[in-house]
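Shown next, in structure tokens, is the structure this report addresses.
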Amino acid sequence: MTGLGAYGLAKASLIILLLPGSLEKCGQINISAPIIRLGDPVTASCTISQNCSHLDPEPQILWRLGEELEQPGQRQQRLPDGTWESTITLPYLNHTQAFLFCCVQWGNRPQILDQAELQAGYPPATPSNLSCFMNLTTNSLTCQWEPGPSTYLPTTFILKSFKSRGDCETQEDSIFDCMPDKGHSFCSIPRKQLILYQNMVIWVQAENALGVRESPQLCLDPVDVVKLEPPTLRALDPSLQAASAQPCCLWLAWELWKPSMYMKQKCELRHRLQEEGASWAQVTPLPSSTYQYELCGLRPATAYSLQMRCIRSPLPGYWSSWSPSLELRTTEYAPAVRLDMWWRRRQQLDPETVGRQLFWKPTPLKEDSGRIQGYLLSWNPSKQPGLALTLCNTTELSCTFSLPSGAQEVTLVAYNTAGTSQPTPVVFLESKGPPLDGLHARALDPHSLWLGWEPPCTQPQGYMIEWGLGTTGSNKTFKMEHNGSITETLLRENIRPFQLYEITVSPLYPGTVGHSQRIYAYSKEMGPPQAPELHLKNIGKTWAKLEWVPRIPGLGKSPVTHYTIFWTNTKDQSFSTILNTSSHSFVLHGLEPASLYHIHLMATSQAGASNSTGLTLMTLASGELELYIFLGLFGFLALFICLCVAAWFWCSHRKNPLWPSVPDPAHSSLGSWIPKAMAEESFPLPSLWDSGMPPITKITVLEEEKKLGSWESSDSTETCGLPTTVQAYVLQGGPRTTSTPPQPQSSTSDQVFYGQVLGSPTSPGPGHYIRCDSTQPLLGGLTPSPKSYENIWFQNSPLETPMAPLPNQEDDCVFGPLIDFPLLQGLRVYGVEGLGAF
């Protein structure tokens with residue numbers, strides 16, 4: 001607090017120094033008390049002299065405490081001498097140190113005229129627990145006390161004393177005051193200020209600005225408060241002592257502090273285990289005639305920490321501090337244990353040797369059986385002492401080794417630094433005895449297994465019980481029961497909850513071992529690991545069929561007793577049903593159409609139950625199936641129509657189809673080949689009434705082609721350079737009905753004449769008539785219409801040899817390429833040579 005006040009005072013002084021010269025001596029603060037009790041009120045007044053002519057005639061005086069905002073005082077008045085005075089009362093001061101400022105308005109901001117420092121705290125508490133001791137090391141009287149709570153004010157402590165006689169009721173010479181260092185609560189009076197063997201009065205005085213307190217007075221003789229230094233401990237070698245060292249004992253000695261060796265002292269010893277949280281055990285009294293001690297009754301082979309302290313005896317004084325710790329380890333007994341053993345035969349590559357794995361477990365024969373440091377397994381082939389061969393020297397409880405085929409016995413001992421246990425012979429017996437008639441196991445709690453069996457007809461001498469996790473061959477635990485009449489036992493060692501254990505029991509007979517039997521059991525069985533997974537097979541509007549595949553119970557697990565199906569809708573309505581274990585499917589009825597359901601299956605056994613993963617499904621909506629069928633049929637019909645339209649469009653735009661669409665001349669007339677508009681047109685044929693000409697039975701007019709055909713050539717040098725004309729085919733002969741079916745060709749049939757009329761309505765000249773003296777019928781025979789698989793050529797009569805007609809350039813020029821008229825390719829026009837003048 002002193003430092004903080006100095007800093008605040010320096011800051012305030014700096015502010016005062018920076019004031020304008022005209023305001024330097026204008027104001028002055030007076031406070032009721034600069035140091036008050038924390039929480040008490042304080043009153044202050046600020047006076048402005050009349051010499052401050054530059055201020056307003058009626059200046060407003062403001063107050064500020066620390067960093068708070070300025071505020072006016074409770075009262076401001078003008079005194080008769082012309083000065084202005086403002087008074088303020090703070091109802092309580094809750095700061096241990098603060099500055100109070102007096103300000104006036106100077107320009108646009110308040111200007112500090114004067115300041116005062118305020119301090120608050122508490123009176124000092126009465127010092128307590130004053131004690132003093134004579135320190136022979138520093139040769140001074142050291143006193144210490146408890147100063148009490150903080151006062152928040154500078155407080156001084158003074159150790160006062162004076163000499164006295166008798167019971168310290170009379171004060172004689174005073175002793176100088178002892179001032180402790182800052183922050184310390186002890187002080188030492190040097191030896192030259194003391195008078196030994198005479199009483200003196202000592203007390204502590206605490207003082208600050210709010211009061212003075214004194215501790216109770218202490219009357220003492222400096223010699224009676226001597227405090228010795230602790231002794232020094234060391235260990236003794238038990239082998240050097242006259243008597244042999246006993247197990248579980250410690251030998252130690254100590255040396256007193258040299259300046260106190262002439263004093264009679266008594267000492268105390270304490271010890272504790274070198275473990276975290278161990279408590280001290282005290283041993284009193286120790287002999288004063290000797291400086292060594294044998295501490296017995298401790299744990300064997302255990303590390304201990306020891307400490308010692310001493311005091312003057314019988315004179316009064318103080319106990320010394322505890323000595324530094326001495327760490328020692330107790331001696332031990334030779335192991336006194338019984339070794340229960342069990343073995344297994346191992347595969348060996350060498351046929352002349354036999355591999356074995358030996359297990360053992362020590363059983364203490366008494367309470368202090370001695371610590372076991374290790375195990376020694378040996379084999380003596382000659383049976384002579386001192387010639388044994390060491391097979392294993394280990395701290396484990398098992399050993400793997402190989403022996404010749406004839407070796408049947410080894411020896412096992414446990415040892416420590418004190419000796420070895422009694423040798424235990426191990427004889428490897430063959431399993432020739434009868435096995436147990438039955439074996440049962442069940443869990444009593446998560447950390448034990450009950451095991452029961454039916455003994456064989458021949459009562460064994462004992463039983464060897466071995467158990468371990470699952471089917472693994474490692475980390476096995478065994479137990480030997482030496483009472484052959486028992487039929488049950490409880491396994492508690494190395495049993496953990498919810499684990500599968502493999503338990504093997506072998507009866508022991510004189511000179512042999514019975515065949516072992518095995519059983520599996522859970523220490524505390526859990527429910528099935530997981531229920532079967534649900535699958536949706538079929539679903540409808542109001543039903544759903546579910547199925548699942550049952551799981552095979554694991555080894556040692558209880559089988560499933562029943563299944564339970566739960567289903568919940570979106571309205572949080574739950575339903576369930578119980579099924580037996582033979583059920584592998586189930587149909588949920590009464591469901592709502594187009595609804596969502598959450599389903600899960602629970603499998604239950606004697607040990608508990610487990611759930612499957614959830615299955616979420618939605619039933620079909622009403623009429624949805626019919627809609628699917630209608631949409632399917634409609635789509636199929638639309639696809640069929642589209643295919644038909646596409647086929648028609650493709651065929652109608654094909655230039656050269658597979659076969660030309662030509663009517664059968666045997667059942668039609670050439671008149672049906674032209675449009676009706678062209679058939680109704682007529683053109684003059686003046687010479688057709690000539691009596692010399694055969695009668696014309698039919699004229700067919702073809703429409704003029706405006707587009708060049710494939711048989712027309714643009715080359716003018718070709719012979720096929722006839723102009724485009726309207727062609728008329730003239731059939732000469734007697735009148736015949738076109739619908740009359742054709743007759744078969746014969747040599748006596750009438751000749752039919754053919755002619756060709758050439759003319760064009762756009763050419764100015766008359767047309768031409770060309771007669772063909774062909775005597776062949778219109779159709780060469782009763783050739784049927786072409787089949788779907790025939791193209792271009794007709795099918796010839798089987799009696800005739802087909803012969804392809806020779807091409808004629810003239811025919812091509814007149815009739816065009818006959819390939820476009822496959823049914824007329826067999827027609828040849830003859831006798832045209834004589835019609836040139838027609």
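A note on labels: chains of the structure tokens are A, B, ... as shown, every chain counts residues from 1, and ligands are counted from 1 in their shown order.
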- Task: Considering only C-alpha atoms, return as a PyMOL selection string whatever protein or nucleic-acid residues lie within 12 Å of stretch 352-361 of chain A, sequence-local ones (same chain, fewer than 4 positions apart) excluded.
- Result: chain A and resi 337-348+372+375-377+391-392+394-414+424-428+464+466+473-480
- Message: DSSP on the backbone: which residues in stretch 315-465 of chain A end up as strand (DSSP E or B)? Give the answer as number ranges by chain.
- Response: A: 318, 326-329, 337-346, 353-364, 374-379, 389-394, 398-404, 409-416, 419-420, 424-427, 431-433, 438-445, 448-454, 462-465
- Query: Quick one: distance from atom CA of A:Leu218 to atom CA of A:Ile195 in Å, one decimal?
  - Reply: 15.8 Å
Residues near A:Tyr92, anyone? I mean within 12 Å using only C-alpha atoms, not counting same-chain ones fewer than 6 positions away, as a PDB file with N, CA and C atoms, in the first residue's frame.
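Result file follows (out.pdb):
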ATOM      1  N   ILE A  36      -8.397   6.337   7.530  1.00  0.00           N
ATOM      2  CA  ILE A  36      -9.616   5.980   8.238  1.00  0.00           C
ATOM      3  C   ILE A  36      -9.811   4.473   8.163  1.00  0.00           C
ATOM      4  N   ARG A  37     -10.766   4.012   8.907  1.00  0.00           N
ATOM      5  CA  ARG A  37     -11.128   2.591   8.878  1.00  0.00           C
ATOM      6  C   ARG A  37     -11.887   2.314   7.595  1.00  0.00           C
ATOM      7  N   LEU A  38     -11.611   1.193   6.993  1.00  0.00           N
ATOM      8  CA  LEU A  38     -12.223   0.852   5.714  1.00  0.00           C
ATOM      9  C   LEU A  38     -13.738   0.768   5.873  1.00  0.00           C
ATOM     10  N   GLY A  39     -14.450   1.607   5.064  1.00  0.00           N
ATOM     11  CA  GLY A  39     -15.907   1.640   5.128  1.00  0.00           C
ATOM     12  C   GLY A  39     -16.450   2.807   5.930  1.00  0.00           C
ATOM     13  N   ASP A  40     -15.598   3.572   6.616  1.00  0.00           N
ATOM     14  CA  ASP A  40     -16.065   4.711   7.400  1.00  0.00           C
ATOM     15  C   ASP A  40     -16.237   5.934   6.491  1.00  0.00           C
ATOM     16  N   PRO A  41     -17.063   6.927   6.912  1.00  0.00           N
ATOM     17  CA  PRO A  41     -17.217   8.154   6.114  1.00  0.00           C
ATOM     18  C   PRO A  41     -16.027   9.094   6.305  1.00  0.00           C
ATOM     19  N   VAL A  42     -15.887  10.023   5.325  1.00  0.00           N
ATOM     20  CA  VAL A  42     -14.820  11.013   5.385  1.00  0.00           C
ATOM     21  C   VAL A  42     -15.383  12.330   4.865  1.00  0.00           C
ATOM     22  N   THR A  43     -14.966  13.444   5.490  1.00  0.00           N
ATOM     23  CA  THR A  43     -15.431  14.783   5.120  1.00  0.00           C
ATOM     24  C   THR A  43     -14.242  15.615   4.667  1.00  0.00           C
ATOM     25  N   LEU A 118      -6.187   9.672   0.450  1.00  0.00           N
ATOM     26  CA  LEU A 118      -6.990   8.981   1.454  1.00  0.00           C
ATOM     27  C   LEU A 118      -6.540   7.532   1.534  1.00  0.00           C
ATOM     28  N   ALA A 120      -7.404   3.727   3.718  1.00  0.00           N
ATOM     29  CA  ALA A 120      -8.371   3.046   4.577  1.00  0.00           C
ATOM     30  C   ALA A 120      -7.877   1.636   4.836  1.00  0.00           C
TER      31      ALA A 120
END
Considering only C-alpha atoms, tabulate each residue of stretch 201-274 of chain A that lies at most 12 Å from stretch 143-151 of chain A along with its nearest interatomic pair and the corresponding distance in Å to one decimal; arrange the rows by chain and ascending residue number and present them as JSON lines.
{"residue": "A:Ile202", "atom": "CA", "partner": "A:Cys143", "partner_atom": "CA", "distance": 8.9}
{"residue": "A:Trp203", "atom": "CA", "partner": "A:Cys143", "partner_atom": "CA", "distance": 9.4}
{"residue": "A:Val204", "atom": "CA", "partner": "A:Trp145", "partner_atom": "CA", "distance": 8.1}
{"residue": "A:Gln205", "atom": "CA", "partner": "A:Pro147", "partner_atom": "CA", "distance": 9.9}
{"residue": "A:Ala206", "atom": "CA", "partner": "A:Pro147", "partner_atom": "CA", "distance": 8.1}
{"residue": "A:Glu207", "atom": "CA", "partner": "A:Thr151", "partner_atom": "CA", "distance": 10.3}
{"residue": "A:Asn208", "atom": "CA", "partner": "A:Thr151", "partner_atom": "CA", "distance": 8.5}
{"residue": "A:Ala209", "atom": "CA", "partner": "A:Thr151", "partner_atom": "CA", "distance": 10.3}
{"residue": "A:Leu210", "atom": "CA", "partner": "A:Thr151", "partner_atom": "CA", "distance": 9.5}
{"residue": "A:Gly211", "atom": "CA", "partner": "A:Thr151", "partner_atom": "CA", "distance": 10.7}
{"residue": "A:Val212", "atom": "CA", "partner": "A:Thr151", "partner_atom": "CA", "distance": 11.9}
{"residue": "A:Arg213", "atom": "CA", "partner": "A:Pro147", "partner_atom": "CA", "distance": 10.5}
{"residue": "A:Glu214", "atom": "CA", "partner": "A:Pro147", "partner_atom": "CA", "distance": 10.6}
{"residue": "A:Ser215", "atom": "CA", "partner": "A:Trp145", "partner_atom": "CA", "distance": 9.1}
{"residue": "A:Pro216", "atom": "CA", "partner": "A:Trp145", "partner_atom": "CA", "distance": 11.0}
{"residue": "A:Leu218", "atom": "CA", "partner": "A:Cys143", "partner_atom": "CA", "distance": 10.4}
{"residue": "A:Leu220", "atom": "CA", "partner": "A:Cys143", "partner_atom": "CA", "distance": 11.6}
{"residue": "A:Pro222", "atom": "CA", "partner": "A:Cys143", "partner_atom": "CA", "distance": 11.0}
{"residue": "A:Val225", "atom": "CA", "partner": "A:Cys143", "partner_atom": "CA", "distance": 10.6}
With N, CA, C and O atoms kept, could you save the residues just selected as a short mmCIF file (atom, residue, chain, number, x, y, z; two decimals), in the first residue's frame?
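Final file, out.cif:
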data_model
loop_
_atom_site.label_atom_id
_atom_site.label_comp_id
_atom_site.auth_asym_id
_atom_site.auth_seq_id
_atom_site.Cartn_x
_atom_site.Cartn_y
_atom_site.Cartn_z
N ILE A 202 8.88 -11.84 27.16
CA ILE A 202 8.92 -11.57 25.71
C ILE A 202 7.49 -11.43 25.21
O ILE A 202 6.60 -12.20 25.59
N TRP A 203 7.23 -10.43 24.36
CA TRP A 203 5.94 -10.27 23.69
C TRP A 203 6.14 -9.58 22.35
O TRP A 203 7.22 -9.05 22.05
N VAL A 204 5.11 -9.55 21.53
CA VAL A 204 5.15 -8.94 20.20
C VAL A 204 4.15 -7.80 20.16
O VAL A 204 3.00 -7.95 20.61
N GLN A 205 4.58 -6.67 19.61
CA GLN A 205 3.71 -5.50 19.46
C GLN A 205 3.50 -5.21 17.99
O GLN A 205 4.46 -5.10 17.22
N ALA A 206 2.22 -5.09 17.58
CA ALA A 206 1.85 -4.74 16.21
C ALA A 206 1.24 -3.35 16.22
O ALA A 206 0.37 -3.04 17.04
N GLU A 207 1.68 -2.48 15.28
CA GLU A 207 1.24 -1.09 15.31
C GLU A 207 1.06 -0.58 13.88
O GLU A 207 1.87 -0.86 12.99
N ASN A 208 -0.07 0.18 13.66
CA ASN A 208 -0.26 0.95 12.42
C ASN A 208 -0.99 2.24 12.76
O ASN A 208 -1.16 2.57 13.94
N ALA A 209 -1.45 2.99 11.77
CA ALA A 209 -2.04 4.30 12.00
C ALA A 209 -3.36 4.22 12.74
O ALA A 209 -3.83 5.24 13.28
N LEU A 210 -4.00 3.06 12.77
CA LEU A 210 -5.30 2.94 13.43
C LEU A 210 -5.23 2.32 14.81
O LEU A 210 -6.26 2.21 15.48
N GLY A 211 -4.04 1.86 15.25
CA GLY A 211 -3.99 1.31 16.59
C GLY A 211 -2.76 0.47 16.83
O GLY A 211 -1.91 0.29 15.95
N VAL A 212 -2.69 -0.04 18.08
CA VAL A 212 -1.57 -0.87 18.54
C VAL A 212 -2.16 -2.08 19.23
O VAL A 212 -3.12 -1.98 20.00
N ARG A 213 -1.56 -3.26 18.95
CA ARG A 213 -1.97 -4.50 19.61
C ARG A 213 -0.72 -5.22 20.09
O ARG A 213 0.33 -5.17 19.45
N GLU A 214 -0.86 -5.91 21.26
CA GLU A 214 0.25 -6.66 21.84
C GLU A 214 -0.19 -8.09 22.10
O GLU A 214 -1.33 -8.35 22.49
N SER A 215 0.74 -9.01 21.92
CA SER A 215 0.46 -10.42 22.16
C SER A 215 0.59 -10.72 23.65
O SER A 215 1.18 -9.92 24.41
N PRO A 216 0.08 -11.85 24.10
CA PRO A 216 0.32 -12.23 25.49
C PRO A 216 1.81 -12.40 25.77
O PRO A 216 2.58 -12.81 24.89
N LEU A 218 5.27 -13.86 27.24
CA LEU A 218 5.85 -15.20 27.39
C LEU A 218 7.02 -15.12 28.36
O LEU A 218 7.95 -14.33 28.17
N LEU A 220 10.13 -17.08 30.12
CA LEU A 220 10.96 -18.27 29.87
C LEU A 220 12.40 -18.00 30.26
O LEU A 220 12.84 -16.85 30.39
N PRO A 222 16.05 -18.89 28.68
CA PRO A 222 16.61 -19.34 27.40
C PRO A 222 17.18 -20.74 27.44
O PRO A 222 17.15 -21.47 26.43
N VAL A 225 14.55 -23.60 26.76
CA VAL A 225 13.91 -23.70 25.43
C VAL A 225 14.93 -24.06 24.35
O VAL A 225 14.81 -23.66 23.19
#
- Task: Using only C-alpha atoms, find the one residue out of A:Met179, A:Ile61, A:Leu295, A:Ala125 that sits nearest to A:Leu153.
- Result: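 Once distances to A:Leu153 are computed over only C-alpha atoms, the minimum belongs to A:Ala125.
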- Item | Residue contacts of A:Gln119 (7 Å, only C-alpha atoms) excluding same-chain residues fewer than 2 positions away, as an NGL selection string | :A and (34-36 or 96-98 or 117 or 121)
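By chain and then residue number, the residues within 7 Å of stretch 585-593 of chain A are Lys541, Thr542, Trp543, Ala544, Lys545, Leu546, Glu547, Trp548, Thr619, Leu620, Ala621 and Ser622 of chain A, counting only C-alpha atoms and disregarding those fewer than 5 positions away in sequence.
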- Message: Between atom CA of A:Ile599 and atom CA of A:Ser558, what distance in Å does the model show, to one decimal?
- Response: 25.1 Å
- Message: With only C-alpha atoms as the counted atoms, please give the residues lying no more than 10 Å from A:Leu306, apart from itself and same-chain residues fewer than 2 positions off, as a PyMOL selection string.
- Response: chain A and resi 233-234+252+269-274+280-282+304+308+322-328
- Query: Leaving out A:Tyr463 and any residue of its chain fewer than 5 positions from it, which residues lie within 9 Å of it when counting only C-alpha atoms, given as JSON, numbers by chain?
  - Reply: {"A": [479, 480, 481, 482, 483, 484, 505, 506, 507, 508, 509]}
The selected residues should be written to file as an mmCIF file, in the first residue's frame (atoms: all heavy atoms).
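Final output, saved to out15.cif:
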data_model
loop_
_atom_site.group_PDB
_atom_site.id
_atom_site.type_symbol
_atom_site.label_atom_id
_atom_site.label_comp_id
_atom_site.auth_asym_id
_atom_site.auth_seq_id
_atom_site.Cartn_x
_atom_site.Cartn_y
_atom_site.Cartn_z
ATOM 1 N N LYS A 479 -5.739 -75.064 -11.638
ATOM 2 C CA LYS A 479 -5.985 -75.231 -10.207
ATOM 3 C C LYS A 479 -5.989 -76.724 -9.907
ATOM 4 O O LYS A 479 -6.620 -77.501 -10.635
ATOM 5 C CB LYS A 479 -7.319 -74.590 -9.825
ATOM 6 C CG LYS A 479 -7.757 -74.817 -8.393
ATOM 7 C CD LYS A 479 -9.138 -74.194 -8.164
ATOM 8 C CE LYS A 479 -9.633 -74.428 -6.758
ATOM 9 N NZ LYS A 479 -10.992 -73.864 -6.545
ATOM 10 N N MET A 480 -5.299 -77.115 -8.854
ATOM 11 C CA MET A 480 -5.235 -78.532 -8.474
ATOM 12 C C MET A 480 -6.015 -78.743 -7.185
ATOM 13 O O MET A 480 -5.785 -78.063 -6.177
ATOM 14 C CB MET A 480 -3.779 -78.969 -8.299
ATOM 15 C CG MET A 480 -3.625 -80.447 -7.958
ATOM 16 S SD MET A 480 -1.899 -80.963 -7.898
ATOM 17 C CE MET A 480 -1.462 -80.877 -9.619
ATOM 18 N N GLU A 481 -6.986 -79.631 -7.269
ATOM 19 C CA GLU A 481 -7.761 -80.022 -6.096
ATOM 20 C C GLU A 481 -7.196 -81.342 -5.576
ATOM 21 O O GLU A 481 -7.220 -82.366 -6.273
ATOM 22 C CB GLU A 481 -9.242 -80.194 -6.456
ATOM 23 C CG GLU A 481 -9.938 -78.902 -6.848
ATOM 24 C CD GLU A 481 -10.161 -77.996 -5.659
ATOM 25 O OE1 GLU A 481 -9.928 -78.436 -4.508
ATOM 26 O OE2 GLU A 481 -10.544 -76.829 -5.876
ATOM 27 N N HIS A 482 -6.653 -81.319 -4.366
ATOM 28 C CA HIS A 482 -6.021 -82.509 -3.800
ATOM 29 C C HIS A 482 -7.019 -83.427 -3.126
ATOM 30 O O HIS A 482 -6.648 -84.542 -2.716
ATOM 31 C CB HIS A 482 -4.940 -82.095 -2.799
ATOM 32 C CG HIS A 482 -3.825 -81.317 -3.425
ATOM 33 N ND1 HIS A 482 -2.740 -81.920 -4.034
ATOM 34 C CD2 HIS A 482 -3.625 -79.973 -3.567
ATOM 35 C CE1 HIS A 482 -1.923 -80.996 -4.508
ATOM 36 N NE2 HIS A 482 -2.434 -79.795 -4.234
ATOM 37 N N ASN A 483 -8.246 -83.005 -2.975
ATOM 38 C CA ASN A 483 -9.287 -83.844 -2.379
ATOM 39 C C ASN A 483 -10.049 -84.525 -3.502
ATOM 40 O O ASN A 483 -10.779 -83.877 -4.262
ATOM 41 C CB ASN A 483 -10.210 -82.979 -1.520
ATOM 42 C CG ASN A 483 -11.235 -83.812 -0.765
ATOM 43 O OD1 ASN A 483 -11.236 -85.046 -0.845
ATOM 44 N ND2 ASN A 483 -12.099 -83.141 -0.019
ATOM 45 N N GLY A 484 -9.894 -85.824 -3.639
ATOM 46 C CA GLY A 484 -10.531 -86.546 -4.721
ATOM 47 C C GLY A 484 -12.001 -86.826 -4.513
ATOM 48 O O GLY A 484 -12.671 -87.334 -5.428
ATOM 49 N N VAL A 505 -10.979 -80.500 -17.265
ATOM 50 C CA VAL A 505 -10.828 -81.193 -15.978
ATOM 51 C C VAL A 505 -10.230 -82.573 -16.248
ATOM 52 O O VAL A 505 -10.733 -83.324 -17.107
ATOM 53 C CB VAL A 505 -12.174 -81.314 -15.241
ATOM 54 C CG1 VAL A 505 -11.982 -82.021 -13.908
ATOM 55 C CG2 VAL A 505 -12.793 -79.941 -15.032
ATOM 56 N N SER A 506 -9.159 -82.886 -15.515
ATOM 57 C CA SER A 506 -8.494 -84.197 -15.640
ATOM 58 C C SER A 506 -8.413 -84.824 -14.259
ATOM 59 O O SER A 506 -7.882 -84.198 -13.323
ATOM 60 C CB SER A 506 -7.092 -84.047 -16.240
ATOM 61 O OG SER A 506 -7.153 -83.412 -17.510
ATOM 62 N N PRO A 507 -8.912 -86.050 -14.065
ATOM 63 C CA PRO A 507 -8.760 -86.736 -12.762
ATOM 64 C C PRO A 507 -7.332 -87.253 -12.594
ATOM 65 O O PRO A 507 -6.669 -87.653 -13.568
ATOM 66 C CB PRO A 507 -9.780 -87.859 -12.838
ATOM 67 C CG PRO A 507 -9.964 -88.110 -14.300
ATOM 68 C CD PRO A 507 -9.744 -86.813 -15.007
ATOM 69 N N LEU A 508 -6.842 -87.208 -11.376
ATOM 70 C CA LEU A 508 -5.494 -87.666 -11.048
ATOM 71 C C LEU A 508 -5.594 -88.971 -10.277
ATOM 72 O O LEU A 508 -6.316 -89.069 -9.262
ATOM 73 C CB LEU A 508 -4.760 -86.613 -10.211
ATOM 74 C CG LEU A 508 -4.652 -85.219 -10.832
ATOM 75 C CD1 LEU A 508 -3.944 -84.274 -9.869
ATOM 76 C CD2 LEU A 508 -3.915 -85.276 -12.151
ATOM 77 N N TYR A 509 -4.847 -90.005 -10.760
ATOM 78 C CA TYR A 509 -4.810 -91.329 -10.135
ATOM 79 C C TYR A 509 -3.381 -91.639 -9.714
ATOM 80 O O TYR A 509 -2.427 -91.001 -10.199
ATOM 81 C CB TYR A 509 -5.312 -92.394 -11.103
ATOM 82 C CG TYR A 509 -6.739 -92.185 -11.571
ATOM 83 C CD1 TYR A 509 -6.978 -91.553 -12.785
ATOM 84 C CD2 TYR A 509 -7.820 -92.602 -10.804
ATOM 85 C CE1 TYR A 509 -8.280 -91.353 -13.227
ATOM 86 C CE2 TYR A 509 -9.115 -92.406 -11.236
ATOM 87 C CZ TYR A 509 -9.343 -91.772 -12.444
ATOM 88 O OH TYR A 509 -10.628 -91.573 -12.868
#
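Taking atom CA of A:Pro124 as the reference point, atom CA of A:Leu194 is found at 28.9 Å.
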